[in-house]
file input.txt (compact mmCIF, N, CA and C atoms)
# COMPACT_ATOMS: atom_id res chain seq x y z
N MET A 1 0.84 -1.19 0.00
CA MET A 1 0.00 0.00 0.00
C MET A 1 0.88 1.25 0.00
N LYS A 2 0.45 2.22 -0.75
CA LYS A 2 1.20 3.45 -0.91
C LYS A 2 1.07 4.36 0.32
N ASN A 3 2.20 4.82 0.81
CA ASN A 3 2.24 5.87 1.84
C ASN A 3 1.34 5.63 3.05
N GLU A 4 1.36 4.46 3.62
CA GLU A 4 0.52 4.20 4.79
C GLU A 4 1.01 5.00 5.99
N ARG A 5 0.09 5.69 6.63
CA ARG A 5 0.42 6.51 7.80
C ARG A 5 -0.63 6.26 8.86
N LYS A 6 -0.16 6.05 10.07
CA LYS A 6 -1.11 5.76 11.14
C LYS A 6 -1.96 6.97 11.51
N ASP A 7 -1.47 8.20 11.22
CA ASP A 7 -2.22 9.40 11.57
C ASP A 7 -3.14 9.88 10.44
N PHE A 8 -3.11 9.21 9.29
CA PHE A 8 -3.93 9.62 8.16
C PHE A 8 -5.41 9.40 8.48
N ASN A 9 -6.23 10.39 8.20
CA ASN A 9 -7.68 10.36 8.43
C ASN A 9 -8.06 10.24 9.90
N GLN A 10 -7.22 10.67 10.79
CA GLN A 10 -7.52 10.62 12.22
C GLN A 10 -7.95 11.99 12.77
N ILE A 11 -7.56 13.06 12.10
CA ILE A 11 -7.86 14.42 12.57
C ILE A 11 -8.82 15.06 11.57
N CYS A 12 -10.00 15.41 12.04
CA CYS A 12 -11.00 15.99 11.15
C CYS A 12 -10.93 17.51 11.17
N ILE A 13 -11.29 18.13 10.06
CA ILE A 13 -11.28 19.58 9.99
C ILE A 13 -12.25 20.21 10.99
N THR A 14 -13.21 19.45 11.49
CA THR A 14 -14.13 19.98 12.50
C THR A 14 -13.40 20.33 13.79
N GLN A 15 -12.21 19.79 13.99
CA GLN A 15 -11.44 20.04 15.21
C GLN A 15 -10.68 21.37 15.17
N THR A 16 -10.67 22.04 14.04
CA THR A 16 -9.93 23.29 13.88
C THR A 16 -10.45 24.38 14.82
N ALA A 17 -11.75 24.59 14.86
CA ALA A 17 -12.32 25.69 15.65
C ALA A 17 -12.01 25.55 17.13
N SER A 18 -12.23 24.39 17.70
CA SER A 18 -11.97 24.23 19.14
C SER A 18 -10.48 24.29 19.46
N THR A 19 -9.64 23.91 18.52
CA THR A 19 -8.20 24.03 18.72
C THR A 19 -7.81 25.50 18.82
N ILE A 20 -8.31 26.30 17.90
CA ILE A 20 -7.99 27.73 17.91
C ILE A 20 -8.55 28.41 19.15
N LEU A 21 -9.79 28.10 19.49
CA LEU A 21 -10.38 28.68 20.70
C LEU A 21 -9.57 28.31 21.95
N THR A 22 -9.21 27.05 22.06
CA THR A 22 -8.44 26.59 23.23
C THR A 22 -7.10 27.30 23.31
N LEU A 23 -6.42 27.45 22.19
CA LEU A 23 -5.14 28.16 22.17
C LEU A 23 -5.29 29.61 22.60
N LEU A 24 -6.43 30.21 22.30
CA LEU A 24 -6.68 31.61 22.67
C LEU A 24 -7.23 31.75 24.09
N GLY A 25 -7.39 30.63 24.79
CA GLY A 25 -7.89 30.68 26.16
C GLY A 25 -9.39 30.78 26.24
N ILE A 26 -10.08 30.43 25.16
CA ILE A 26 -11.54 30.47 25.11
C ILE A 26 -12.06 29.04 25.20
N THR A 27 -13.01 28.81 26.07
CA THR A 27 -13.58 27.48 26.21
C THR A 27 -14.53 27.20 25.05
N PRO A 28 -14.23 26.17 24.24
CA PRO A 28 -15.12 25.83 23.13
C PRO A 28 -16.47 25.34 23.64
N GLU A 29 -17.49 25.50 22.82
CA GLU A 29 -18.81 24.97 23.14
C GLU A 29 -18.73 23.45 23.23
N SER A 30 -19.50 22.85 24.10
CA SER A 30 -19.43 21.40 24.31
C SER A 30 -19.82 20.59 23.07
N ARG A 31 -20.62 21.16 22.19
CA ARG A 31 -21.03 20.41 21.01
C ARG A 31 -19.99 20.43 19.89
N MET A 32 -18.95 21.21 20.05
CA MET A 32 -17.89 21.28 19.04
C MET A 32 -17.00 20.05 19.12
N ALA A 33 -16.40 19.70 17.99
CA ALA A 33 -15.44 18.59 17.96
C ALA A 33 -14.27 18.95 18.88
N PRO A 34 -13.62 17.97 19.48
CA PRO A 34 -12.51 18.26 20.41
C PRO A 34 -11.31 18.87 19.71
N PRO A 35 -10.47 19.58 20.45
CA PRO A 35 -9.27 20.17 19.85
C PRO A 35 -8.29 19.10 19.36
N ILE A 36 -7.38 19.52 18.54
CA ILE A 36 -6.35 18.63 18.00
C ILE A 36 -5.23 18.51 19.03
N ARG A 37 -5.11 17.35 19.63
CA ARG A 37 -4.12 17.10 20.69
C ARG A 37 -2.69 17.36 20.23
N GLN A 38 -2.36 16.99 19.01
CA GLN A 38 -1.00 17.16 18.50
C GLN A 38 -0.59 18.63 18.49
N VAL A 39 -1.56 19.51 18.28
CA VAL A 39 -1.28 20.95 18.31
C VAL A 39 -1.13 21.42 19.75
N LEU A 40 -2.07 21.05 20.61
CA LEU A 40 -2.03 21.50 22.00
C LEU A 40 -0.84 20.93 22.76
N ASP A 41 -0.35 19.76 22.35
CA ASP A 41 0.84 19.19 22.98
C ASP A 41 2.09 20.01 22.67
N ARG A 42 2.09 20.72 21.56
CA ARG A 42 3.24 21.53 21.16
C ARG A 42 3.12 22.98 21.61
N GLN A 43 1.91 23.46 21.74
CA GLN A 43 1.66 24.87 22.06
C GLN A 43 0.42 24.93 22.94
N ASN A 44 0.54 25.50 24.15
CA ASN A 44 -0.64 25.48 25.02
C ASN A 44 -1.45 26.77 25.01
N SER A 45 -0.87 27.87 24.51
CA SER A 45 -1.65 29.10 24.42
C SER A 45 -1.02 30.05 23.40
N CYS A 46 -1.83 31.00 22.95
CA CYS A 46 -1.40 32.03 21.99
C CYS A 46 -2.17 33.30 22.29
N SER A 47 -1.61 34.42 21.93
CA SER A 47 -2.36 35.66 22.04
C SER A 47 -2.98 36.03 20.69
N ARG A 48 -2.40 35.50 19.61
CA ARG A 48 -2.92 35.74 18.26
C ARG A 48 -2.71 34.49 17.43
N ILE A 49 -3.59 34.30 16.47
CA ILE A 49 -3.46 33.18 15.55
C ILE A 49 -3.81 33.67 14.15
N PHE A 50 -2.97 33.34 13.21
CA PHE A 50 -3.22 33.64 11.81
C PHE A 50 -3.72 32.37 11.15
N VAL A 51 -4.91 32.42 10.55
CA VAL A 51 -5.48 31.25 9.90
C VAL A 51 -5.46 31.50 8.40
N TYR A 52 -4.75 30.64 7.70
CA TYR A 52 -4.69 30.70 6.24
C TYR A 52 -5.32 29.42 5.71
N ASN A 53 -6.33 29.56 4.88
CA ASN A 53 -7.04 28.39 4.36
C ASN A 53 -6.90 28.29 2.85
N PRO A 54 -5.84 27.63 2.40
CA PRO A 54 -5.78 27.40 0.94
C PRO A 54 -6.87 26.41 0.59
N ASP A 55 -7.68 26.77 -0.37
CA ASP A 55 -8.84 25.96 -0.70
C ASP A 55 -8.46 24.80 -1.61
N ALA A 56 -9.04 23.66 -1.35
CA ALA A 56 -8.97 22.49 -2.23
C ALA A 56 -7.58 21.91 -2.43
N ILE A 57 -6.83 21.78 -1.37
CA ILE A 57 -5.54 21.09 -1.48
C ILE A 57 -5.69 19.73 -0.84
N ALA A 58 -6.17 18.79 -1.63
CA ALA A 58 -6.32 17.41 -1.16
C ALA A 58 -4.96 16.76 -1.04
N MET A 59 -4.88 15.67 -0.28
CA MET A 59 -3.62 14.98 -0.08
C MET A 59 -3.01 14.55 -1.41
N TRP A 60 -3.82 14.09 -2.35
CA TRP A 60 -3.27 13.64 -3.63
C TRP A 60 -2.65 14.81 -4.40
N ILE A 61 -3.22 16.01 -4.27
CA ILE A 61 -2.64 17.19 -4.93
C ILE A 61 -1.31 17.53 -4.27
N TYR A 62 -1.31 17.54 -2.94
CA TYR A 62 -0.08 17.81 -2.20
C TYR A 62 1.03 16.83 -2.59
N GLU A 63 0.71 15.55 -2.61
CA GLU A 63 1.72 14.54 -2.95
C GLU A 63 2.18 14.65 -4.40
N LYS A 64 1.29 14.95 -5.31
CA LYS A 64 1.65 15.06 -6.71
C LYS A 64 2.52 16.28 -6.99
N TYR A 65 2.27 17.39 -6.26
CA TYR A 65 2.98 18.64 -6.50
C TYR A 65 3.84 19.05 -5.30
N ILE A 66 4.42 18.07 -4.65
CA ILE A 66 5.21 18.33 -3.43
C ILE A 66 6.29 19.39 -3.64
N ARG A 67 6.83 19.46 -4.83
CA ARG A 67 7.92 20.43 -5.10
C ARG A 67 7.47 21.87 -4.86
N TYR A 68 6.17 22.14 -5.00
CA TYR A 68 5.66 23.50 -4.79
C TYR A 68 5.48 23.83 -3.31
N PHE A 69 5.57 22.86 -2.46
CA PHE A 69 5.37 23.06 -1.02
C PHE A 69 6.68 23.08 -0.23
N ILE A 70 7.79 22.81 -0.89
CA ILE A 70 9.08 22.69 -0.20
C ILE A 70 9.43 23.96 0.57
N GLU A 71 9.33 25.11 -0.04
CA GLU A 71 9.66 26.37 0.64
C GLU A 71 8.75 26.63 1.83
N LEU A 72 7.48 26.37 1.66
CA LEU A 72 6.52 26.55 2.75
C LEU A 72 6.86 25.65 3.92
N GLU A 73 7.21 24.42 3.63
CA GLU A 73 7.49 23.45 4.69
C GLU A 73 8.75 23.78 5.49
N LYS A 74 9.63 24.57 4.95
CA LYS A 74 10.84 24.97 5.68
C LYS A 74 10.47 25.79 6.93
N ASP A 75 9.37 26.50 6.87
CA ASP A 75 8.94 27.35 7.98
C ASP A 75 7.86 26.73 8.85
N MET A 76 7.50 25.47 8.60
CA MET A 76 6.45 24.81 9.37
C MET A 76 6.98 24.24 10.67
N ASP A 77 6.20 24.41 11.72
CA ASP A 77 6.51 23.76 12.99
C ASP A 77 5.83 22.41 13.10
N LEU A 78 4.69 22.28 12.44
CA LEU A 78 3.91 21.06 12.55
C LEU A 78 3.08 20.89 11.28
N LYS A 79 3.05 19.67 10.79
CA LYS A 79 2.26 19.36 9.60
C LYS A 79 1.42 18.13 9.92
N LEU A 80 0.10 18.24 9.74
CA LEU A 80 -0.80 17.14 10.05
C LEU A 80 -1.78 16.91 8.90
N PRO A 81 -2.01 15.66 8.53
CA PRO A 81 -3.04 15.39 7.53
C PRO A 81 -4.42 15.58 8.16
N MET A 82 -5.33 16.13 7.41
CA MET A 82 -6.67 16.40 7.92
C MET A 82 -7.71 15.67 7.09
N LEU A 83 -8.72 15.16 7.77
CA LEU A 83 -9.85 14.50 7.13
C LEU A 83 -10.92 15.54 6.84
N SER A 84 -11.42 15.55 5.65
CA SER A 84 -12.47 16.49 5.28
C SER A 84 -13.84 15.97 5.71
N VAL A 85 -14.84 16.77 5.46
CA VAL A 85 -16.23 16.37 5.66
C VAL A 85 -16.84 16.14 4.29
N MET A 86 -18.02 15.58 4.27
CA MET A 86 -18.69 15.30 3.00
C MET A 86 -19.96 16.13 2.90
N PRO A 87 -20.24 16.70 1.77
CA PRO A 87 -19.42 16.69 0.57
C PRO A 87 -18.24 17.65 0.73
N PRO A 88 -17.11 17.34 0.09
CA PRO A 88 -15.91 18.16 0.26
C PRO A 88 -15.91 19.38 -0.66
N VAL A 89 -16.84 20.29 -0.42
CA VAL A 89 -16.91 21.54 -1.18
C VAL A 89 -16.71 22.69 -0.19
N THR A 90 -16.22 23.81 -0.69
CA THR A 90 -15.78 24.93 0.15
C THR A 90 -16.78 25.35 1.23
N PRO A 91 -18.03 25.67 0.92
CA PRO A 91 -18.92 26.13 1.97
C PRO A 91 -19.12 25.10 3.08
N VAL A 92 -19.21 23.84 2.71
CA VAL A 92 -19.42 22.78 3.69
C VAL A 92 -18.18 22.63 4.56
N CYS A 93 -17.02 22.58 3.93
CA CYS A 93 -15.76 22.41 4.67
C CYS A 93 -15.47 23.61 5.57
N PHE A 94 -15.60 24.81 5.05
CA PHE A 94 -15.33 25.99 5.86
C PHE A 94 -16.34 26.11 7.00
N GLY A 95 -17.59 25.76 6.73
CA GLY A 95 -18.60 25.75 7.79
C GLY A 95 -18.20 24.82 8.92
N SER A 96 -17.64 23.67 8.58
CA SER A 96 -17.20 22.70 9.59
C SER A 96 -15.94 23.17 10.30
N MET A 97 -14.99 23.73 9.55
CA MET A 97 -13.75 24.21 10.19
C MET A 97 -14.03 25.34 11.17
N TYR A 98 -14.92 26.25 10.81
CA TYR A 98 -15.15 27.43 11.63
C TYR A 98 -16.20 27.25 12.71
N SER A 99 -17.00 26.21 12.60
CA SER A 99 -18.02 25.99 13.63
C SER A 99 -17.66 24.87 14.58
N GLY A 100 -16.81 23.95 14.12
CA GLY A 100 -16.48 22.77 14.93
C GLY A 100 -17.57 21.72 14.87
N LEU A 101 -18.48 21.86 13.92
CA LEU A 101 -19.62 20.96 13.80
C LEU A 101 -19.60 20.24 12.46
N THR A 102 -20.29 19.11 12.40
CA THR A 102 -20.42 18.39 11.14
C THR A 102 -21.44 19.12 10.26
N PRO A 103 -21.46 18.83 8.96
CA PRO A 103 -22.45 19.47 8.10
C PRO A 103 -23.89 19.22 8.56
N ALA A 104 -24.17 18.04 9.07
CA ALA A 104 -25.53 17.77 9.57
C ALA A 104 -25.86 18.66 10.76
N GLU A 105 -24.86 19.01 11.56
CA GLU A 105 -25.09 19.86 12.74
C GLU A 105 -25.17 21.34 12.39
N HIS A 106 -24.28 21.83 11.49
CA HIS A 106 -24.31 23.27 11.18
C HIS A 106 -25.25 23.61 10.04
N GLY A 107 -25.63 22.64 9.23
CA GLY A 107 -26.66 22.85 8.23
C GLY A 107 -26.19 23.18 6.82
N ILE A 108 -24.93 23.52 6.63
CA ILE A 108 -24.45 23.80 5.28
C ILE A 108 -24.06 22.47 4.65
N GLN A 109 -24.81 22.06 3.63
CA GLN A 109 -24.56 20.76 3.03
C GLN A 109 -24.41 20.81 1.52
N ASN A 110 -24.29 22.03 0.97
CA ASN A 110 -24.10 22.16 -0.47
C ASN A 110 -23.53 23.54 -0.78
N MET A 111 -23.52 23.90 -2.06
CA MET A 111 -22.92 25.16 -2.51
C MET A 111 -23.90 26.34 -2.48
N LYS A 112 -25.14 26.13 -2.04
CA LYS A 112 -26.14 27.19 -2.05
C LYS A 112 -25.79 28.30 -1.06
N ASN A 113 -26.20 29.51 -1.40
CA ASN A 113 -26.07 30.65 -0.51
C ASN A 113 -27.18 30.54 0.54
N GLN A 114 -26.78 30.34 1.80
CA GLN A 114 -27.77 30.10 2.85
C GLN A 114 -27.48 30.98 4.06
N SER A 115 -28.50 31.24 4.84
CA SER A 115 -28.35 31.90 6.12
C SER A 115 -28.74 30.87 7.18
N LEU A 116 -27.76 30.43 7.95
CA LEU A 116 -28.00 29.34 8.89
C LEU A 116 -27.47 29.68 10.28
N PRO A 117 -28.13 29.20 11.32
CA PRO A 117 -27.62 29.43 12.67
C PRO A 117 -26.53 28.42 13.04
N PHE A 118 -25.35 28.90 13.38
CA PHE A 118 -24.31 28.07 13.96
C PHE A 118 -23.24 28.97 14.55
N LEU A 119 -22.49 28.44 15.46
CA LEU A 119 -21.45 29.21 16.14
C LEU A 119 -20.20 29.24 15.29
N LEU A 120 -19.72 30.40 15.02
CA LEU A 120 -18.43 30.56 14.34
C LEU A 120 -17.42 31.03 15.36
N PHE A 121 -16.26 30.40 15.38
CA PHE A 121 -15.27 30.85 16.35
C PHE A 121 -14.83 32.26 16.05
N LEU A 122 -14.94 32.71 14.81
CA LEU A 122 -14.54 34.08 14.48
C LEU A 122 -15.45 35.11 15.15
N ILE A 123 -16.69 34.74 15.40
CA ILE A 123 -17.62 35.66 16.04
C ILE A 123 -17.24 35.89 17.50
N CYS A 124 -16.79 34.85 18.18
CA CYS A 124 -16.56 34.98 19.61
C CYS A 124 -15.16 35.47 19.94
N CYS A 125 -14.21 35.39 19.06
CA CYS A 125 -12.84 35.80 19.38
C CYS A 125 -12.68 37.26 19.77
N PRO A 126 -13.31 38.21 19.08
CA PRO A 126 -13.11 39.60 19.46
C PRO A 126 -13.77 40.01 20.77
N MET A 127 -14.58 39.17 21.35
CA MET A 127 -15.29 39.54 22.57
C MET A 127 -14.31 39.72 23.72
N PRO A 128 -14.42 40.82 24.47
CA PRO A 128 -13.46 41.13 25.53
C PRO A 128 -13.33 40.03 26.59
N ALA A 129 -14.42 39.39 26.96
CA ALA A 129 -14.35 38.37 28.01
C ALA A 129 -13.88 37.03 27.47
N LYS A 130 -13.68 36.93 26.17
CA LYS A 130 -13.23 35.70 25.53
C LYS A 130 -14.14 34.52 25.80
N LYS A 131 -15.43 34.77 25.80
CA LYS A 131 -16.41 33.69 25.98
C LYS A 131 -17.28 33.64 24.74
N PRO A 132 -17.55 32.44 24.22
CA PRO A 132 -18.45 32.38 23.07
C PRO A 132 -19.86 32.76 23.45
N PRO A 133 -20.66 33.22 22.49
CA PRO A 133 -22.05 33.57 22.79
C PRO A 133 -22.80 32.35 23.35
N SER A 134 -23.76 32.61 24.21
CA SER A 134 -24.48 31.50 24.82
C SER A 134 -25.47 30.85 23.86
N SER A 135 -25.86 31.57 22.83
CA SER A 135 -26.74 30.97 21.82
C SER A 135 -26.09 31.14 20.46
N PRO A 136 -26.39 30.24 19.53
CA PRO A 136 -25.78 30.32 18.20
C PRO A 136 -26.11 31.63 17.50
N GLN A 137 -25.20 32.08 16.68
CA GLN A 137 -25.39 33.28 15.89
C GLN A 137 -25.88 32.89 14.50
N THR A 138 -26.65 33.75 13.88
CA THR A 138 -27.06 33.50 12.51
C THR A 138 -26.16 34.30 11.59
N VAL A 139 -25.57 33.62 10.64
CA VAL A 139 -24.72 34.29 9.68
C VAL A 139 -25.11 33.82 8.28
N THR A 140 -24.80 34.66 7.31
CA THR A 140 -25.03 34.29 5.93
C THR A 140 -23.77 33.64 5.41
N ALA A 141 -23.88 32.48 4.82
CA ALA A 141 -22.71 31.75 4.33
C ALA A 141 -21.92 32.58 3.33
N PHE A 142 -22.57 33.20 2.36
CA PHE A 142 -21.91 34.06 1.40
C PHE A 142 -22.55 35.43 1.49
N PRO A 143 -21.91 36.53 1.35
CA PRO A 143 -20.48 36.69 1.17
C PRO A 143 -19.74 36.91 2.48
N LYS A 144 -20.46 37.18 3.58
CA LYS A 144 -19.80 37.50 4.85
C LYS A 144 -18.89 36.39 5.32
N PHE A 145 -19.30 35.16 5.10
CA PHE A 145 -18.57 34.02 5.61
C PHE A 145 -17.25 33.81 4.89
N PHE A 146 -17.24 34.07 3.58
CA PHE A 146 -16.04 33.81 2.79
C PHE A 146 -15.41 35.09 2.32

call {"tool": "encode", "arguments": {"input": "input.txt", "output": "C-alpha cells"}}
result
Amino acid sequence: MKNERKDFNQICITQTASTILTLLGITPESRMAPPIRQVLDRQNSCSRIFVYNPDAIAMWIYEKYIRYFIELEKDMDLKLPMLSVMPPVTPVCFGSMYSGLTPAEHGIQNMKNQSLPFLLFLICCPMPAKKPPSSPQTVTAFPKFF
C-alpha cells in the first residue's frame, strides 16, 4: 500500500475551531469537535493566531505537487493530515472548520447561498471576556462568511 500513515484520516477539519479557541484561552462549546491534541501538545496558548485556508488542497494534490510546497514546509513547525467532511466543497468544509460541527449539525450541506444558525469561532474571538455567545449566531454563508 502506498504511503501508509497511522495518523492519516484521524484528525477531522471539524477540530480546527476548538483548537484555535483553546489556544486563545476560550472554552469551546461542548457540542464542538474536540481540539487537535498534537497541536495543544506543542503549544498550550497564543495571544494571536493567523489562519490561512488554501482551498482544495487534497492529499493527492499535495503529494503530486510536493515540489511546490518545499519552501513553505521549511517554515512549518507542525504538519498534520486532515480529514475532510462530505461533501468536500468549500462552503461545507469551511462551515465545519469554523463551527467545529459536522455538516448535519451546522446545516451547510451544499454550494447554495444560505443563512444558517451556527457558532463561528470568528464571532466569539473579538469579545473582551473571551467567551463564546451562549446561543448560536445566525450568519449568511456568502459573502460575509467567505

call {"tool": "atom_distance", "arguments": {"input": "input.txt", "atom1": "CA of Glu71 in chain A", "atom2": "CA of Gln15 in chain A"}}
result
26.4 Å

call {"tool": "atom_distance", "arguments": {"input": "input.txt", "atom1": "CA of Lys112 in chain A", "atom2": "CA of Leu21 in chain A"}}
result
27.7 Å

call {"tool": "atom_distance", "arguments": {"input": "input.txt", "atom1": "CA of Pro28 in chain A", "atom2": "CA of Asp55 in chain A"}}
result
24.6 Å

call {"tool": "residues_around", "arguments": {"input": "input.txt", "residues": "Ser45 in chain A", "least_positions_apart": "2", "cutoff": "6.5 Å", "atoms": "all atoms listed in the file", "output": "PyMOL selection string"}}
result
chain A and resi 22-25+43+47

call {"tool": "closest_residue", "arguments": {"input": "input.txt", "among": "A:Met97, A:Ile11, A:Leu80, A:Leu72", "to": "Val51 in chain A", "atoms": "only C-alpha atoms"}}
result
A:Met97

call {"tool": "residues_around", "arguments": {"input": "input.txt", "residues": "Gln109 in chain A", "least_positions_apart": "6", "cutoff": "12 Å", "atoms": "only C-alpha atoms", "output": "list of chain:residue names"}}
result
A:Val85, A:Met86, A:Pro87, A:Pro88, A:Val89, A:Thr90, A:Pro91, A:Val92, A:Cys93, A:Phe94, A:Gly95, A:Ser96, A:Leu101, A:Thr102, A:Pro103, A:Leu116, A:Ala141

call {"tool": "residues_around", "arguments": {"input": "input.txt", "residues": "Pro35 in chain A", "least_positions_apart": "3", "cutoff": "7 Å", "atoms": "only N, CA and C atoms", "output": "ChimeraX atom specification"}}
result
/A:15-20,32,38-40
